[in-house]
Amino acid sequence: MTIAEALLYGRSQLQATSPTPELDARLLLQHLLRVTHSYLVAHPETPLTADQTQQYRRLIARARQKEPIPYLIGAAPFYDCEFQVTPAVLIPRPETELLVERVIKWVRARWGEERPLPILVDVGTGSGCIAITLARQLLQAEVIAIDIAAAALAVAQANAQRLAPGRIQFHQGHLLSPLTHAVDVIVANLPYVTDAEWTALDDGVKLHEPAVALKGGRDGLDLIEELLQQATAKLNPGGAIFLEIGWRQGLVVYEVAQTCFPTAHIQVSPDLAGHDRIVMISNIQ
């Protein structure tokens with residue numbers, strides 16, 4: 001089997017189960033051969049060894065069973081970096097990049113050169129993609145990352161060691177409970193999938209990604225509500241909270257936020273599909 005034949009085989013095998021069979025086949029072959037896309041294009045007649053052919057067929061078979069490509073290759077893109085991912089952490093999504101962009105914009109507008117950058121905490125850090133990106137973009141900020149799962153923290157710490165060494169403090173615990181002092185900015189992409197939505201999720205998500213990072217209870221808001229209640233005692237005056245939410249949760253999260261922070265400015269922003277996705281609670285006194 002040559003590179004060209006492998007790509008054709010992979011694409012044909014994945015057509016029935018993947019919306020991007022050509023891309024998936026290419027990513028798996030690049031990972032297996034440890035080469036770039038340009039190498040595959042330039043060397044279509046290069047033969048695979050018998051062992052490589054067997055390994056590629058196994059990878060394609062796993063992908064046909066909807067095992068996510070990022071788990072198969074051990075990496076996923078986010079913002080301007082590649083992050084290590086394992087089944088212990090959620091695969092980073094483009095929607096979460098919008099959350100990070102909103103935080104960066106708010107901090108840069110509010111914290112100028114005349115005052116130190118704030119203390120930020122990423123709650124439920126998972127792969128660490130949010131905390132690490134913020135540390136890389138806001139170089140003078142103090143960044144804290146919290147997760148309840150030791151396995152997730154291990155992935156995040158490995159990513160931080162490679163992408164933002166020495167920049168992030170990691171803590172294991174439930175939501176804001178590990179914090180010993182108040183912070184200026186709280187960022188969280190917590191589980192927000194409702195019980196009803198969980199049953200309808202694609203098998204690639206439901207069977208392979210960590211349920212603890214997705215399931216948010218009957219209405220999807222169990223942890224979001226608890227976080228906002230905890231934040232009333234953990235946020236410095238003038239601070240802000242940034243949340244990623246489910247597409248039907250904008251109004252109810254707005255109301256919960258208003259109850260917890262009655263004098264704050266609250267804004268619900270859409271994602272690229274026009275659905276409610278980001279909640280910003282700012283100028284909290």
# chains A, B, ... in the order shown; residues from 1 in each chain; ligands from 1

call {"tool": "residues_around", "arguments": {"residues": "range 29-44 of chain A", "least_positions_apart": "4", "cutoff": "9 Å", "atoms": "only C-alpha atoms", "output": "count of residues only"}}
result
16

call {"tool": "select_by_dssp", "arguments": {"residues": "range 85-144 of chain A", "states": "strand (DSSP E or B)", "output": "PyMOL selection string"}}
result
chain A and resi 119-123+142-144

call {"tool": "atom_distance", "arguments": {"atom1": "CA of Gln140 in chain A", "atom2": "CA of Pro116 in chain A"}}
result
7.3 Å

call {"tool": "atom_distance", "arguments": {"atom1": "CA of Gly204 in chain A", "atom2": "CA of Gln65 in chain A"}}
result
7.8 Å

call {"tool": "residues_around", "arguments": {"residues": "Ala63 in chain A", "least_positions_apart": "5", "cutoff": "8 Å", "atoms": "only C-alpha atoms", "output": "compact mmCIF listing (two decimals) with N, CA and C atoms, in the first residue's frame"}}
result
# COMPACT_ATOMS: atom_id res chain seq x y z
N LEU A 14 -14.12 5.74 5.87
CA LEU A 14 -14.69 6.68 6.83
C LEU A 14 -15.86 7.49 6.28
N PRO A 68 -12.84 9.49 18.57
CA PRO A 68 -12.42 10.80 18.05
C PRO A 68 -10.98 10.81 17.55
N ILE A 69 -10.77 11.47 16.42
CA ILE A 69 -9.44 11.57 15.82
C ILE A 69 -8.42 12.18 16.79
N LEU A 72 -7.09 9.54 18.94
CA LEU A 72 -6.27 8.57 18.20
C LEU A 72 -4.87 9.11 17.93

call {"tool": "closest_residue", "arguments": {"among": "A:Gln267, A:Thr199, A:Thr194, A:Thr86", "to": "Trp247 in chain A", "atoms": "only C-alpha atoms"}}
result
A:Thr194

call {"tool": "residues_around", "arguments": {"residues": "Ala160 in chain A", "least_positions_apart": "2", "cutoff": "12 Å", "atoms": "only C-alpha atoms", "output": "number ranges by chain"}}
result
A: 81-84, 125-136, 143-145, 153-158, 162-170

call {"tool": "write_last_selection", "arguments": {"atoms": "C-alpha atoms", "output": "PDB file, in the first residue's frame"}}
result
ATOM      1  CA  CYS A  81      -1.173  25.735  19.729  1.00  0.00           C
ATOM      2  CA  GLU A  82      -1.459  21.960  19.590  1.00  0.00           C
ATOM      3  CA  PHE A  83      -2.608  20.480  22.896  1.00  0.00           C
ATOM      4  CA  GLN A  84      -2.052  16.962  24.126  1.00  0.00           C
ATOM      5  CA  THR A 125      -9.255  23.270  33.243  1.00  0.00           C
ATOM      6  CA  GLY A 126      -9.272  19.860  31.522  1.00  0.00           C
ATOM      7  CA  SER A 127      -6.485  19.897  28.930  1.00  0.00           C
ATOM      8  CA  GLY A 128      -5.433  23.320  30.199  1.00  0.00           C
ATOM      9  CA  CYS A 129      -6.175  24.972  26.867  1.00  0.00           C
ATOM     10  CA  ILE A 130      -7.911  27.999  28.414  1.00  0.00           C
ATOM     11  CA  ALA A 131      -5.395  28.641  31.201  1.00  0.00           C
ATOM     12  CA  ILE A 132      -2.385  28.084  28.952  1.00  0.00           C
ATOM     13  CA  THR A 133      -3.681  30.330  26.184  1.00  0.00           C
ATOM     14  CA  LEU A 134      -4.422  33.094  28.690  1.00  0.00           C
ATOM     15  CA  ALA A 135      -0.933  32.732  30.180  1.00  0.00           C
ATOM     16  CA  ARG A 136       0.624  32.978  26.721  1.00  0.00           C
ATOM     17  CA  VAL A 143      -2.922  32.269  36.169  1.00  0.00           C
ATOM     18  CA  ILE A 144      -4.429  29.495  38.291  1.00  0.00           C
ATOM     19  CA  ALA A 145      -5.955  26.286  36.929  1.00  0.00           C
ATOM     20  CA  LEU A 153      -4.608  17.843  35.776  1.00  0.00           C
ATOM     21  CA  ALA A 154      -1.783  15.571  34.644  1.00  0.00           C
ATOM     22  CA  VAL A 155      -2.640  16.302  30.998  1.00  0.00           C
ATOM     23  CA  ALA A 156      -2.921  20.042  31.681  1.00  0.00           C
ATOM     24  CA  GLN A 157       0.397  20.129  33.516  1.00  0.00           C
ATOM     25  CA  ALA A 158       2.133  18.304  30.662  1.00  0.00           C
ATOM     26  CA  ARG A 162       5.634  22.475  26.996  1.00  0.00           C
ATOM     27  CA  LEU A 163       3.660  25.607  26.139  1.00  0.00           C
ATOM     28  CA  ALA A 164       3.805  27.905  29.202  1.00  0.00           C
ATOM     29  CA  PRO A 165       6.463  26.581  31.585  1.00  0.00           C
ATOM     30  CA  GLY A 166       6.371  28.044  35.072  1.00  0.00           C
ATOM     31  CA  ARG A 167       3.395  30.282  34.328  1.00  0.00           C
ATOM     32  CA  ILE A 168       0.450  28.421  35.858  1.00  0.00           C
ATOM     33  CA  GLN A 169      -0.409  27.248  39.374  1.00  0.00           C
ATOM     34  CA  PHE A 170      -2.372  23.983  39.358  1.00  0.00           C
TER      35      PHE A 170
END

call {"tool": "residues_around", "arguments": {"residues": "His174 in chain A", "least_positions_apart": "2", "cutoff": "8 Å", "atoms": "only C-alpha atoms", "output": "PyMOL selection string"}}
result
chain A and resi 146-148+172+176-178

call {"tool": "write_last_selection", "arguments": {"atoms": "N, CA and C atoms", "output": "PDB file, in the first residue's frame"}}
result
ATOM      1  N   ILE A 146      -7.707  24.951  37.931  1.00  0.00           N
ATOM      2  CA  ILE A 146      -8.290  24.017  38.892  1.00  0.00           C
ATOM      3  C   ILE A 146      -9.055  22.931  38.147  1.00  0.00           C
ATOM      4  N   ASP A 147      -8.924  21.699  38.609  1.00  0.00           N
ATOM      5  CA  ASP A 147      -9.763  20.612  38.104  1.00  0.00           C
ATOM      6  C   ASP A 147      -9.950  19.599  39.224  1.00  0.00           C
ATOM      7  N   ILE A 148     -11.082  18.951  39.213  1.00  0.00           N
ATOM      8  CA  ILE A 148     -11.360  17.961  40.258  1.00  0.00           C
ATOM      9  C   ILE A 148     -10.688  16.625  39.957  1.00  0.00           C
ATOM     10  N   GLN A 172      -5.937  20.789  42.575  1.00  0.00           N
ATOM     11  CA  GLN A 172      -7.015  19.812  42.440  1.00  0.00           C
ATOM     12  C   GLN A 172      -8.094  20.129  43.455  1.00  0.00           C
ATOM     13  N   LEU A 176     -14.216  26.425  43.022  1.00  0.00           N
ATOM     14  CA  LEU A 176     -13.311  27.429  43.593  1.00  0.00           C
ATOM     15  C   LEU A 176     -12.788  27.059  44.978  1.00  0.00           C
ATOM     16  N   SER A 177     -13.125  25.888  45.469  1.00  0.00           N
ATOM     17  CA  SER A 177     -12.755  25.534  46.842  1.00  0.00           C
ATOM     18  C   SER A 177     -11.244  25.549  47.106  1.00  0.00           C
ATOM     19  N   PRO A 178     -10.360  25.257  46.125  1.00  0.00           N
ATOM     20  CA  PRO A 178      -8.922  25.309  46.425  1.00  0.00           C
ATOM     21  C   PRO A 178      -8.367  26.718  46.607  1.00  0.00           C
TER      22      PRO A 178
END

call {"tool": "residues_around", "arguments": {"residues": "Asn283 in chain A", "least_positions_apart": "5", "cutoff": "8 Å", "atoms": "only C-alpha atoms", "output": "list in words"}}
result
Pro237, Gly238, Gly239, Ala240, Ala264 and His265 of chain A

call {"tool": "residues_around", "arguments": {"residues": "His208 in chain A", "least_positions_apart": "5", "cutoff": "8 Å", "atoms": "only C-alpha atoms", "output": "list in words"}}
result
Glu67, Pro68, Pro87 and Asp203 of chain A

call {"tool": "atom_distance", "arguments": {"atom1": "CA of Ala61 in chain A", "atom2": "CA of Ser18 in chain A"}}
result
12.2 Å

call {"tool": "select_by_dssp", "arguments": {"residues": "range 143-236 of chain A", "states": "alpha helix (DSSP H)", "output": "ChimeraX atom specification"}}
result
/A:150-163,195-200,203-206,222-231
